[in-house]
Each structure stands twice: as structure tokens, then as C-alpha cells.
>>> print(open('run-v1.tsv').read())   # TSV, C-alpha atoms and all ligand atoms
chain	number	residue	atom	x	y	z
A	218	MET	CA	0.00	0.00	0.00
A	219	ASP	CA	1.51	3.40	-0.87
A	220	SER	CA	1.60	6.11	1.76
A	221	SER	CA	-1.39	8.13	0.56
A	222	ALA	CA	-3.52	4.97	0.38
A	223	ALA	CA	-2.50	4.15	3.96
A	224	LEU	CA	-3.43	7.68	5.02
A	225	ALA	CA	-6.83	7.40	3.38
A	226	GLU	CA	-7.52	4.49	5.71
A	227	LEU	CA	-6.40	6.14	8.93
A	228	ASP	CA	-8.89	5.36	11.67
A	229	PHE	CA	-9.55	8.63	13.50
A	230	ALA	CA	-12.26	7.18	15.72
A	231	ALA	CA	-9.73	4.63	17.04
A	232	ALA	CA	-7.29	7.46	17.77
A	233	ALA	CA	-10.06	9.41	19.54
A	234	ALA	CA	-10.75	6.36	21.71
A	235	ARG	CA	-7.05	6.13	22.63
A	236	LEU	CA	-6.98	9.83	23.51
A	237	ALA	CA	-10.23	9.86	25.50
A	238	GLY	CA	-9.61	10.71	29.14
A	239	VAL	CA	-5.97	11.60	28.37
A	240	VAL	CA	-6.35	14.77	26.29
A	241	ARG	CA	-9.21	17.27	26.44
A	242	ARG	CA	-12.12	17.63	24.10
A	243	THR	CA	-11.62	21.37	23.60
A	244	PRO	CA	-14.51	23.85	23.27
A	245	LEU	CA	-15.70	25.53	20.08
A	246	GLU	CA	-16.43	29.15	21.01
A	247	PRO	CA	-18.20	31.86	18.99
A	248	PHE	CA	-16.09	34.96	18.27
A	249	ASP	CA	-17.11	38.21	16.57
A	250	ALA	CA	-15.40	38.14	13.18
A	251	GLY	CA	-15.94	41.86	12.57
A	252	GLU	CA	-17.48	40.80	9.26
A	253	ALA	CA	-21.25	40.28	9.07
A	254	ARG	CA	-20.93	37.69	6.31
A	255	VAL	CA	-18.94	35.36	8.57
A	256	GLU	CA	-20.08	33.33	11.55
A	257	LEU	CA	-16.82	32.48	13.30
A	258	ARG	CA	-16.16	29.84	15.92
A	259	LEU	CA	-12.78	29.11	17.47
A	260	LYS	CA	-11.58	25.59	18.25
A	261	LEU	CA	-9.62	26.28	21.41
A	262	GLU	CA	-6.68	23.90	21.29
A	263	CYS	CA	-4.84	26.54	23.31
A	264	GLN	CA	-6.72	24.94	26.21
A	265	GLN	CA	-5.42	21.48	25.38
A	266	VAL	CA	-3.22	19.50	27.80
A	267	THR	CA	0.36	20.85	27.34
A	268	GLY	CA	-1.19	23.98	25.80
A	269	ALA	CA	-1.36	22.82	22.18
A	270	PHE	CA	-2.94	20.28	19.82
A	271	LYS	CA	0.43	18.51	19.73
A	272	ALA	CA	-0.55	16.44	22.79
A	273	ARG	CA	-2.90	14.48	20.51
A	274	GLY	CA	-0.28	13.27	18.05
A	275	ALA	CA	2.28	12.71	20.79
A	276	TRP	CA	-0.02	10.52	22.87
A	277	ASN	CA	-1.27	8.64	19.83
A	278	GLN	CA	2.36	7.88	18.94
A	279	VAL	CA	3.58	6.95	22.42
A	280	SER	CA	0.60	4.78	23.23
A	281	LEU	CA	1.24	2.71	20.09
A	282	LEU	CA	4.98	2.08	20.66
A	283	SER	CA	6.14	-1.54	20.70
A	284	ALA	CA	7.99	-2.84	23.75
A	285	ALA	CA	11.31	-2.53	21.88
A	286	GLU	CA	10.55	1.06	20.83
A	287	ARG	CA	9.60	2.00	24.38
A	288	ALA	CA	12.81	0.50	25.71
A	289	ALA	CA	14.86	2.45	23.13
A	290	GLY	CA	13.33	5.78	24.22
A	291	VAL	CA	11.93	8.47	21.94
A	292	VAL	CA	13.55	11.47	20.31
A	293	THR	CA	12.32	14.41	18.30
A	294	VAL	CA	13.37	17.81	17.07
A	295	SER	CA	11.00	20.64	17.88
A	296	SER	CA	10.98	24.37	18.48
A	297	GLY	CA	8.57	23.88	21.30
A	298	ASN	CA	5.07	22.52	21.40
A	299	HIS	CA	5.71	19.09	19.95
A	300	GLY	CA	8.72	18.72	22.22
A	301	LYS	CA	6.69	19.65	25.26
A	302	ALA	CA	3.90	17.30	24.22
A	303	LEU	CA	6.25	14.38	23.57
A	304	ALA	CA	8.03	14.96	26.89
A	305	TRP	CA	4.62	14.88	28.61
A	306	ALA	CA	3.41	11.78	26.74
A	307	ALA	CA	6.66	9.90	27.35
A	308	ALA	CA	6.64	10.75	31.05
A	309	ARG	CA	3.06	9.53	31.30
A	310	ALA	CA	4.00	6.25	29.65
A	311	GLY	CA	7.28	5.83	31.57
A	312	VAL	CA	9.40	6.15	28.41
A	313	ARG	CA	12.71	8.09	28.18
A	314	ALA	CA	12.53	11.16	25.92
A	315	THR	CA	15.15	13.34	24.29
A	316	ILE	CA	13.99	16.64	22.80
A	317	VAL	CA	16.36	18.46	20.46
A	318	MET	CA	15.64	22.16	20.10
A	319	PRO	CA	17.23	25.07	18.27
A	320	ALA	CA	18.92	27.47	20.68
A	321	ASP	CA	16.40	30.25	19.92
A	322	ALA	CA	13.42	28.21	21.22
A	323	TYR	CA	11.39	30.11	23.83
A	324	ALA	CA	12.96	29.53	27.26
A	325	ASN	CA	9.58	28.53	28.74
A	326	LYS	CA	9.26	25.70	26.19
A	327	VAL	CA	12.78	24.40	26.92
A	328	GLN	CA	12.02	24.45	30.64
A	329	ALA	CA	8.65	22.73	30.12
A	330	CYS	CA	10.42	19.73	28.51
A	331	ARG	CA	12.92	19.55	31.37
A	332	ASP	CA	10.10	19.79	33.91
A	333	GLU	CA	8.58	16.65	32.35
A	334	GLY	CA	11.89	14.85	32.92
A	335	ALA	CA	13.05	14.88	29.27
A	336	GLU	CA	16.66	15.35	28.27
A	337	VAL	CA	16.94	18.56	26.20
A	338	LEU	CA	19.73	18.99	23.64
A	339	LEU	CA	20.18	22.45	22.15
A	340	GLY	CA	21.41	22.78	18.57
A	341	ARG	CA	22.99	26.01	17.39
A	342	ASP	CA	20.26	26.37	14.78
A	343	ARG	CA	17.59	24.25	13.13
A	344	PRO	CA	19.93	22.27	10.81
A	345	GLN	CA	22.25	21.40	13.68
A	346	ALA	CA	19.27	20.38	15.81
A	347	GLU	CA	18.10	18.10	12.97
A	348	ALA	CA	21.59	16.57	12.79
A	349	LEU	CA	21.66	15.89	16.55
A	350	CYS	CA	18.27	14.21	16.28
A	351	ARG	CA	19.44	12.01	13.39
A	352	GLU	CA	22.46	10.95	15.48
A	353	ARG	CA	20.19	9.77	18.28
A	354	VAL	CA	18.04	7.85	15.81
A	355	GLU	CA	21.17	6.16	14.42
A	356	GLN	CA	22.05	5.19	17.99
A	357	GLY	CA	18.67	3.42	18.28
A	358	SER	CA	16.20	5.96	19.68
A	359	THR	CA	12.69	5.92	18.23
A	360	LEU	CA	11.87	9.01	16.16
A	361	VAL	CA	8.49	10.62	16.84
A	362	HIS	CA	8.17	13.03	13.96
A	363	PRO	CA	6.29	16.29	14.68
A	364	TYR	CA	4.23	16.16	11.47
A	365	ASP	CA	5.46	13.83	8.73
A	366	ALA	CA	4.23	10.57	10.25
A	367	GLU	CA	0.97	8.64	9.98
A	368	ARG	CA	0.36	8.34	13.70
A	369	THR	CA	1.08	12.03	14.31
A	370	ILE	CA	-1.39	12.94	11.56
A	371	GLN	CA	-3.92	10.50	12.98
A	372	GLY	CA	-3.71	12.12	16.44
A	373	ALA	CA	-3.98	15.64	15.01
A	374	GLY	CA	-6.98	14.53	12.96
A	375	THR	CA	-9.01	14.06	16.12
A	376	VAL	CA	-9.28	17.88	16.19
A	377	GLY	CA	-11.21	17.68	12.92
A	378	LEU	CA	-13.35	14.84	14.21
A	379	GLU	CA	-14.41	16.96	17.18
A	380	ILE	CA	-15.18	19.95	14.95
A	381	ALA	CA	-17.39	17.71	12.80
A	382	GLU	CA	-19.28	16.59	15.89
A	383	GLN	CA	-19.51	20.05	17.46
A	384	TRP	CA	-20.67	21.94	14.33
A	385	PRO	CA	-21.59	19.63	11.46
A	386	GLU	CA	-22.83	22.66	9.47
A	387	VAL	CA	-19.32	24.15	9.26
A	388	GLU	CA	-18.35	25.22	5.72
A	389	LEU	CA	-14.76	26.49	6.00
A	390	VAL	CA	-12.03	25.36	8.38
A	391	LEU	CA	-8.87	27.48	8.74
A	392	VAL	CA	-5.77	25.78	10.12
A	393	PRO	CA	-2.30	27.18	10.94
A	394	VAL	CA	0.41	25.39	8.95
A	395	GLY	CA	3.99	24.59	9.83
A	396	GLY	CA	4.99	21.15	8.60
A	397	GLY	CA	1.36	20.33	7.83
A	398	GLY	CA	0.51	17.69	10.46
A	399	LEU	CA	-2.50	19.51	11.86
A	400	ILE	CA	-4.02	20.48	8.54
A	401	SER	CA	-3.52	17.08	6.93
A	402	GLY	CA	-5.08	15.28	9.90
A	403	CYS	CA	-8.01	17.72	10.03
A	404	ALA	CA	-8.58	17.63	6.28
A	405	LEU	CA	-8.74	13.83	6.22
A	406	SER	CA	-11.00	13.51	9.25
A	407	LEU	CA	-13.33	16.37	8.26
A	408	HIS	CA	-13.78	15.15	4.71
A	409	ARG	CA	-14.37	11.64	6.00
A	410	ALA	CA	-16.96	12.84	8.53
A	411	LEU	CA	-18.71	15.61	6.59
A	412	GLY	CA	-17.89	14.99	2.94
A	413	PRO	CA	-15.77	17.01	0.52
A	414	SER	CA	-17.95	20.13	0.56
A	415	VAL	CA	-16.15	21.40	3.69
A	416	THR	CA	-13.36	23.69	2.52
A	417	LEU	CA	-9.96	23.49	4.21
A	418	LEU	CA	-7.49	26.36	3.94
A	419	GLY	CA	-4.04	26.55	5.50
A	420	VAL	CA	-2.76	29.76	7.02
A	421	GLU	CA	0.96	30.48	7.16
A	422	PRO	CA	3.36	33.41	7.60
A	423	GLN	CA	4.39	35.06	4.33
A	424	GLY	CA	8.01	34.87	5.49
A	425	ALA	CA	7.92	31.09	6.07
A	426	ALA	CA	5.36	29.77	3.59
A	427	THR	CA	5.65	26.01	3.05
A	428	LEU	CA	2.16	24.93	1.95
A	429	GLY	CA	1.49	27.53	-0.76
A	430	PRO	CA	4.74	26.89	-2.67
A	431	ALA	CA	4.42	23.10	-2.25
A	432	LEU	CA	0.85	23.10	-3.62
A	433	ALA	CA	1.91	25.33	-6.52
A	434	ARG	CA	4.90	23.18	-7.48
A	435	GLY	CA	3.43	19.78	-6.59
A	436	GLU	CA	6.49	18.98	-4.49
A	437	VAL	CA	8.00	19.80	-1.14
A	438	VAL	CA	9.93	23.08	-1.34
A	439	PRO	CA	12.64	23.55	1.33
A	440	LEU	CA	12.36	26.83	3.20
A	441	ARG	CA	15.68	28.57	2.55
A	442	HIS	CA	15.09	31.89	4.30
A	443	VAL	CA	12.83	32.34	7.27
A	444	GLU	CA	11.57	35.87	7.56
A	445	SER	CA	9.01	35.35	10.26
A	446	SER	CA	9.12	35.23	14.02
A	447	VAL	CA	6.00	33.10	14.40
A	448	GLN	CA	7.52	30.13	16.21
A	449	GLY	CA	5.94	26.80	15.32
A	450	LEU	CA	5.12	27.89	11.77
A	451	CYS	CA	8.71	27.96	10.45
A	452	PRO	CA	9.71	24.31	9.83
A	453	PRO	CA	12.35	23.34	7.24
A	454	SER	CA	9.59	22.35	4.78
A	455	LEU	CA	6.15	20.83	4.53
A	456	GLY	CA	6.23	17.06	5.17
A	457	ARG	CA	5.93	14.60	2.30
A	458	LEU	CA	2.93	12.71	3.67
A	459	ASN	CA	1.38	16.04	4.57
A	460	LEU	CA	1.72	17.34	1.03
A	461	ALA	CA	0.18	14.16	-0.38
A	462	VAL	CA	-2.90	14.73	1.79
A	463	CYS	CA	-3.07	18.49	1.17
A	464	ARG	CA	-2.95	18.07	-2.61
A	465	GLU	CA	-6.12	16.05	-2.38
A	466	HIS	CA	-7.98	17.63	0.52
A	467	VAL	CA	-6.84	21.25	0.98
A	468	SER	CA	-8.05	24.05	-1.28
A	469	GLY	CA	-5.15	26.43	-0.77
A	470	ALA	CA	-2.95	28.45	1.54
A	471	LEU	CA	-3.37	32.00	2.82
A	472	ALA	CA	-0.05	33.74	3.49
A	473	LEU	CA	-0.26	36.49	6.11
A	474	THR	CA	2.18	39.06	7.43
A	475	ASP	CA	3.60	38.53	10.91
A	476	GLN	CA	1.92	41.82	11.77
A	477	ALA	CA	-1.54	40.41	10.96
A	478	ILE	CA	-0.81	37.27	12.98
A	479	PHE	CA	0.42	39.20	16.02
A	480	ALA	CA	-2.58	41.55	15.76
A	481	ALA	CA	-4.92	38.54	15.88
A	482	GLN	CA	-3.08	37.14	18.89
A	483	ARG	CA	-3.74	40.48	20.57
A	484	GLU	CA	-7.47	40.29	19.78
A	485	LEU	CA	-7.78	36.73	21.10
A	486	VAL	CA	-5.89	37.56	24.28
A	487	LEU	CA	-7.45	40.96	25.05
A	488	ARG	CA	-10.97	40.56	23.64
A	489	GLY	CA	-11.37	36.79	24.02
A	490	GLY	CA	-9.49	36.47	27.30
A	491	TRP	CA	-7.60	33.35	26.16
A	492	THR	CA	-3.88	32.73	26.41
A	493	VAL	CA	-2.85	32.24	22.80
A	494	GLU	CA	0.56	32.17	21.13
A	495	PRO	CA	1.16	33.84	17.75
A	496	ALA	CA	1.10	30.55	15.79
A	497	GLY	CA	-2.20	29.65	17.43
A	498	ALA	CA	-3.75	32.92	16.29
A	499	ALA	CA	-2.80	32.59	12.62
A	500	SER	CA	-6.08	30.96	11.58
A	501	ALA	CA	-8.22	33.65	13.23
A	502	ALA	CA	-5.91	36.25	11.68
A	503	ALA	CA	-7.09	35.17	8.24
A	504	VAL	CA	-10.62	36.23	9.19
A	505	LEU	CA	-9.72	39.32	11.21
A	506	ALA	CA	-7.38	40.61	8.47
A	507	GLY	CA	-10.04	40.11	5.80
A	508	ALA	CA	-8.08	37.41	3.94
A	509	ILE	CA	-10.95	34.98	3.28
A	510	PRO	CA	-11.02	34.58	-0.52
A	511	ALA	CA	-13.78	36.72	-2.08
A	512	HIS	CA	-15.39	33.81	-3.94
A	513	LEU	CA	-16.19	32.07	-0.64
A	514	LEU	CA	-18.09	35.15	0.54
A	515	GLU	CA	-20.06	35.61	-2.66
A	516	GLY	CA	-23.81	35.71	-1.99
A	517	ARG	CA	-23.27	35.71	1.77
A	518	SER	CA	-24.99	38.11	4.15
A	519	ALA	CA	-25.66	38.54	7.85
A	520	ARG	CA	-28.72	36.32	7.37
A	521	ARG	CA	-26.79	33.65	5.52
A	522	PRO	CA	-23.21	33.90	6.80
A	523	LEU	CA	-20.32	31.63	5.87
A	524	ARG	CA	-19.82	29.24	8.79
A	525	VAL	CA	-16.12	29.30	9.64
A	526	VAL	CA	-14.00	27.48	12.23
A	527	ALA	CA	-10.51	28.76	13.02
A	528	VAL	CA	-8.33	26.25	14.85
A	529	VAL	CA	-6.53	28.13	17.63
A	530	SER	CA	-3.73	25.63	17.79
A	531	GLY	CA	-1.62	26.69	20.75
A	532	GLY	CA	-1.45	28.72	23.93
A	533	ASN	CA	2.18	28.73	25.01
A	534	PRO	CA	3.43	32.23	24.18
A	535	ASP	CA	6.77	33.56	25.35
A	536	PRO	CA	5.77	35.07	28.74
A	537	ALA	CA	7.69	38.30	28.05
A	538	GLN	CA	5.92	38.74	24.69
A	539	LEU	CA	2.54	38.12	26.32
A	540	GLU	CA	3.30	40.63	29.03
A	541	GLU	CA	4.22	43.28	26.43
A	542	LEU	CA	1.05	42.56	24.49
A	543	ARG	CA	-1.06	42.95	27.63
A	544	ARG	CA	0.61	46.25	28.43
A	545	GLY	CA	-0.30	47.39	24.94
A	546	ARG	CA	3.25	47.90	23.73
B	601	LIG	C1	0.79	26.33	18.08
B	601	LIG	C2	1.14	25.65	16.81
B	601	LIG	N1	0.30	25.77	15.78
B	601	LIG	C3	0.53	25.19	14.58
B	601	LIG	C4	1.69	24.45	14.38
B	601	LIG	C5	1.92	23.83	13.04
B	601	LIG	O1	1.63	22.49	13.08
B	601	LIG	P1	2.07	21.53	11.89
B	601	LIG	O2	3.58	21.47	11.93
B	601	LIG	O3	1.42	20.25	12.20
B	601	LIG	O4	1.60	22.16	10.63
B	601	LIG	C6	2.59	24.27	15.44
B	601	LIG	C7	3.80	23.48	15.25
B	601	LIG	O5	4.66	23.39	16.08
B	601	LIG	C8	2.31	24.89	16.68
B	601	LIG	O6	3.15	24.76	17.71
>>> encode(input="run-v1.tsv", output="C-alpha cells", more="lines below")
Ligand SMILES: Cc1ncc(COP(=O)(O)O)c(C=O)c1O
Amino acid sequence: MDSSAALAELDFAAAAARLAGVVRRTPLEPFDAGEARVELRLKLECQQVTGAFKARGAWNQVSLLSAAERAAGVVTVSSGNHGKALAWAAARAGVRATIVMPADAYANKVQACRDEGAEVLLGRDRPQAEALCRERVEQGSTLVHPYDAERTIQGAGTVGLEIAEQWPEVELVLVPVGGGGLISGCALSLHRALGPSVTLLGVEPQGAATLGPALARGEVVPLRHVESSVQGLCPPSLGRLNLAVCREHVSGALALTDQAIFAAQRELVLRGGWTVEPAGAASAAAVLAGAIPAHLLEGRSARRPLRVVAVVSGGNPDPAQLEELRRGR
């Protein structure tokens, strides 16, 4: 079976059963879109265990490890949320974890991994962190990939399954994109549950766009220059499995400025009262910045609004950045 055929058969209900009682079923909250033609609801994964949707993929992965894989310990490379989630999942399962991070990862995320008992290795930059991770894998550790892996995608897809149950009338789902684990999982599970009429769009920083270029070229395009400070949305490239899913199930990518993403974070924190990190706010930013493609709003009105979910994927901001935002600087 090739990889996209295997993905088409991923059992999201089985993953949801594995996650039940371990991760939270997060709320779907209405939020004023500032646009009468849009009825917006936010899927608050910022309230997830470990503060991000990543707990879903991490637990799905760790709970399926064989005895030999558990004994070998797990390793990953992550700028933050996946590392924290894997450290948490491994600790819960009594498995040793090594998290490799680039040196510019937020200090709170580094500490969170250590607090869970994981070993943290800091690479000078992303490529060196990747190399350190590969070394550990060569020495026998089990790689738990943050996005380009079936079981990670399967765990992330339970977000989509919940959205389908919470608002089956949803028409457009907006998802922040880094390597593409969250959007590929959600696209598969939402299309499976609700049919192909639900539109999926990825949202990414203009300065670190991976999905748009990959969809345009039909292949993974390595990100050579990162000109964004939205941590979590600046991976080396989209994943291969993720691209295979997105080509079939995702309608496109919206590239936003960092400014629009940080402005949305501000709205969600100050108006919504939620603790949200910039990456988590990217999906809502697409609505708040007026970036929904015009053809999707055609014929819509306050009486017949487009029903939109924005996945607010994470709530672990750098504390200093959050403090500045709250002080209005
Ligand atoms: C808060 C948050 N949102 C979105 C993403 C992107 O997820 P993916 O790499 O699955 O596209 C990440 C990745 O780390 C993240 O931390």
C-alpha cells in the first residue's frame, strides 16, 4: 500500500478512543469576526493539555509504541510545542525522551520539557538540531516526527473529528500550517466525517510559507530563508505525507504578514481572554485581516453567513511577549 492509500484508511475514531480521558475535548467558542458575512467559531486547542494540539499526536504515537521502541526511548526535534507534548506523553508512559531544540526556542518551552523529565539537547540552529536528532536515531532511539508521520497525523486529525461533531454545518475550516501535520489530519477527518464540501485552507506566515509553494509546485519546497518570528510555523519544509494529503484535501494556503498574525493574537488575548501564542492565532488572523477569498463570501450576508471554524492551535506564548502585548506595547 503506498503512503497516501495508507493515510486514506487512517482510523480517526480509534485514535479518539485512545486519547479519551488523556487529552481534552476542547470547546468551540463563537467569536465576533468583525465581518457580518462570517459566523466564526474558534476551536480552542490553546486549552489542550500541554497547551497545544500537539498532545494528541504525541499521545497517539507513544501509546502505540512496541515494547522494543519503548525501551529504546523516543527522540524528536522541535521548536517547542511538539517537544513539550512528547516529553509529557513519554513521562506519562514511563518512556525516556530526548527533545532536540534550536537554541532560539522560547525559554519557557525548553524548561517545560525539562520539567517533564526529558533530556533537552540544544542545537545552534535548526539544521544542527536536525543533525543531533538524526544521530540519536542512528544510535537506536525511536523518532516521533512532529508532522510527517501517519500516527502524528492520525492524532492531530481528532481535532477535525471533534469539529465535525460540534458543528456539522461548518463550511470552512482554517488551520495554521507549519509542517502540515494539523491540517492534513483535520482535512482527512473532516472530509471523511462531513464529505468534501467542507473547505480546508491553510494559514501560514508570508516569510515562512511552506504549503502555498508546495501546492503550486506539486512537491516539497525547502524553506531557505525564514523571515518570520512566528515560532511553530517555520519548519524546514512541509512534510511529504502532509503534502500528499493536502494536494487532495486542501483548497489552498493564505499567506499572512507577521503583523496580521500578532494583531490577531492580541485580539484573542485581550478581547477573548484566552492565552494564545502567535502561531495559534494565525487561523483567526485570516478572518480578522479580511483574507478569506472573495469567492467564498459571494452571496453571503448577515442572514446567511459563511460558517467558519478557526483552529486556535496553541497557547504557550513567550511570557515576556505576552506581558508586552497585555501592556499594549
Ligand atoms: C501552536 C502551533 N500551531 C501550529 C503548528 C503547526 O503544526 P504543523 O507542523 O502540524 O503544521 C505548530 C507546530 O509546532 C504549533 O506549535
>>> residues_around(input="run-v1.tsv", residues="Val294 of chain A", least_positions_apart="5", cutoff="8 Å", atoms="only C-alpha atoms", output="PyMOL selection string")
chain A and resi 300+316-318+346-347+350+362-363
>>> residues_near_ligand(input="run-v1.tsv", ligand="ligand LIG 601 (chain B)", cutoff="7 Å", atoms="all atoms listed in the file", output="compact mmCIF listing (two decimals) with C-alpha atoms, in the coordinates of the input")
# COMPACT_ATOMS: atom_id res chain seq x y z
CA ALA A 269 -1.36 22.82 22.18
CA SER A 296 10.98 24.37 18.48
CA GLY A 297 8.57 23.88 21.30
CA ASN A 298 5.07 22.52 21.40
CA HIS A 299 5.71 19.09 19.95
CA PRO A 363 6.29 16.29 14.68
CA TYR A 364 4.23 16.16 11.47
CA PRO A 393 -2.30 27.18 10.94
CA VAL A 394 0.41 25.39 8.95
CA GLY A 395 3.99 24.59 9.83
CA GLY A 396 4.99 21.15 8.60
CA GLY A 397 1.36 20.33 7.83
CA GLY A 398 0.51 17.69 10.46
CA LEU A 399 -2.50 19.51 11.86
CA ILE A 400 -4.02 20.48 8.54
CA GLY A 449 5.94 26.80 15.32
CA LEU A 450 5.12 27.89 11.77
CA GLU A 494 0.56 32.17 21.13
CA ALA A 496 1.10 30.55 15.79
CA GLY A 497 -2.20 29.65 17.43
CA SER A 530 -3.73 25.63 17.79
CA GLY A 531 -1.62 26.69 20.75
CA GLY A 532 -1.45 28.72 23.93
>>> closest_residue(input="run-v1.tsv", among="A:Gly290, A:Pro413, A:Pro244, A:Gly340", to="Arg353 of chain A", atoms="all atoms listed in the file")
A:Gly290
>>> axis_aligned_box(input="run-v1.tsv", around="segment 501-506 of chain A", padding_each_side="4 Å", output="JSON")
{"center_x": -8.3, "center_y": 37.1, "center_z": 10.7, "size_x": 12.7, "size_y": 15.0, "size_z": 13.0}
>>> residues_near_point(input="run-v1.tsv", point="(-18.5, 31.0, 8.8)", cutoff="9 Å", atoms="all atoms listed in the file", output="list in words")
Ala250, Arg254, Val255, Glu256, Leu257, Arg258, Val387, Glu388, Leu389, Val390, Pro522, Leu523, Arg524, Val525 and Val526 of chain A
>>> write_last_selection(input="run-v1.tsv", atoms="C-alpha atoms", output="PDB file, keeping the file's coordinate frame")
ATOM      1  CA  ALA A 250     -15.400  38.140  13.180  1.00  0.00           C
ATOM      2  CA  ARG A 254     -20.930  37.690   6.310  1.00  0.00           C
ATOM      3  CA  VAL A 255     -18.940  35.360   8.570  1.00  0.00           C
ATOM      4  CA  GLU A 256     -20.080  33.330  11.550  1.00  0.00           C
ATOM      5  CA  LEU A 257     -16.820  32.480  13.300  1.00  0.00           C
ATOM      6  CA  ARG A 258     -16.160  29.840  15.920  1.00  0.00           C
ATOM      7  CA  VAL A 387     -19.320  24.150   9.260  1.00  0.00           C
ATOM      8  CA  GLU A 388     -18.350  25.220   5.720  1.00  0.00           C
ATOM      9  CA  LEU A 389     -14.760  26.490   6.000  1.00  0.00           C
ATOM     10  CA  VAL A 390     -12.030  25.360   8.380  1.00  0.00           C
ATOM     11  CA  PRO A 522     -23.210  33.900   6.800  1.00  0.00           C
ATOM     12  CA  LEU A 523     -20.320  31.630   5.870  1.00  0.00           C
ATOM     13  CA  ARG A 524     -19.820  29.240   8.790  1.00  0.00           C
ATOM     14  CA  VAL A 525     -16.120  29.300   9.640  1.00  0.00           C
ATOM     15  CA  VAL A 526     -14.000  27.480  12.230  1.00  0.00           C
TER      16      VAL A 526
END
>>> decode(input="run-v1.tsv", residues="segment 436-452 of chain A", atoms="N, CA and C atoms", output="PDB file, in the first residue's frame")
ATOM      1  N   GLU A 436       5.425  19.691  -5.222  1.00  0.00           N
ATOM      2  CA  GLU A 436       6.490  18.981  -4.486  1.00  0.00           C
ATOM      3  C   GLU A 436       6.888  19.812  -3.269  1.00  0.00           C
ATOM      4  N   VAL A 437       7.550  19.124  -2.340  1.00  0.00           N
ATOM      5  CA  VAL A 437       8.004  19.801  -1.136  1.00  0.00           C
ATOM      6  C   VAL A 437       9.100  20.803  -1.502  1.00  0.00           C
ATOM      7  N   VAL A 438       8.947  22.042  -1.014  1.00  0.00           N
ATOM      8  CA  VAL A 438       9.927  23.084  -1.344  1.00  0.00           C
ATOM      9  C   VAL A 438      10.638  23.486  -0.049  1.00  0.00           C
ATOM     10  N   PRO A 439      11.945  23.199   0.075  1.00  0.00           N
ATOM     11  CA  PRO A 439      12.636  23.550   1.326  1.00  0.00           C
ATOM     12  C   PRO A 439      12.616  25.054   1.567  1.00  0.00           C
ATOM     13  N   LEU A 440      12.420  25.409   2.824  1.00  0.00           N
ATOM     14  CA  LEU A 440      12.361  26.827   3.195  1.00  0.00           C
ATOM     15  C   LEU A 440      13.793  27.311   3.380  1.00  0.00           C
ATOM     16  N   ARG A 441      14.268  28.160   2.458  1.00  0.00           N
ATOM     17  CA  ARG A 441      15.684  28.568   2.545  1.00  0.00           C
ATOM     18  C   ARG A 441      15.879  29.751   3.480  1.00  0.00           C
ATOM     19  N   HIS A 442      14.957  30.720   3.411  1.00  0.00           N
ATOM     20  CA  HIS A 442      15.088  31.890   4.297  1.00  0.00           C
ATOM     21  C   HIS A 442      13.820  32.012   5.120  1.00  0.00           C
ATOM     22  N   VAL A 443      13.987  32.104   6.412  1.00  0.00           N
ATOM     23  CA  VAL A 443      12.831  32.335   7.269  1.00  0.00           C
ATOM     24  C   VAL A 443      12.795  33.814   7.616  1.00  0.00           C
ATOM     25  N   GLU A 444      11.714  34.452   7.210  1.00  0.00           N
ATOM     26  CA  GLU A 444      11.569  35.868   7.557  1.00  0.00           C
ATOM     27  C   GLU A 444      10.285  36.053   8.341  1.00  0.00           C
ATOM     28  N   SER A 445      10.188  35.281   9.402  1.00  0.00           N
ATOM     29  CA  SER A 445       9.011  35.348  10.256  1.00  0.00           C
ATOM     30  C   SER A 445       9.461  35.017  11.663  1.00  0.00           C
ATOM     31  N   SER A 446       8.788  35.625  12.644  1.00  0.00           N
ATOM     32  CA  SER A 446       9.124  35.234  14.018  1.00  0.00           C
ATOM     33  C   SER A 446       7.955  34.522  14.677  1.00  0.00           C
ATOM     34  N   VAL A 447       7.119  33.872  13.854  1.00  0.00           N
ATOM     35  CA  VAL A 447       6.001  33.105  14.401  1.00  0.00           C
ATOM     36  C   VAL A 447       6.485  31.679  14.674  1.00  0.00           C
ATOM     37  N   GLN A 448       6.966  31.452  15.893  1.00  0.00           N
ATOM     38  CA  GLN A 448       7.520  30.130  16.214  1.00  0.00           C
ATOM     39  C   GLN A 448       6.464  29.049  16.103  1.00  0.00           C
ATOM     40  N   GLY A 449       6.871  27.912  15.525  1.00  0.00           N
ATOM     41  CA  GLY A 449       5.942  26.800  15.325  1.00  0.00           C
ATOM     42  C   GLY A 449       5.495  26.746  13.870  1.00  0.00           C
ATOM     43  N   LEU A 450       5.548  27.880  13.171  1.00  0.00           N
ATOM     44  CA  LEU A 450       5.121  27.886  11.765  1.00  0.00           C
ATOM     45  C   LEU A 450       6.313  28.084  10.818  1.00  0.00           C
ATOM     46  N   CYS A 451       7.519  27.767  11.289  1.00  0.00           N
ATOM     47  CA  CYS A 451       8.713  27.956  10.455  1.00  0.00           C
ATOM     48  C   CYS A 451       9.537  26.670  10.362  1.00  0.00           C
ATOM     49  N   PRO A 452       8.957  25.565   9.912  1.00  0.00           N
ATOM     50  CA  PRO A 452       9.710  24.305   9.830  1.00  0.00           C
ATOM     51  C   PRO A 452      10.590  24.323   8.578  1.00  0.00           C
TER      52      PRO A 452
END
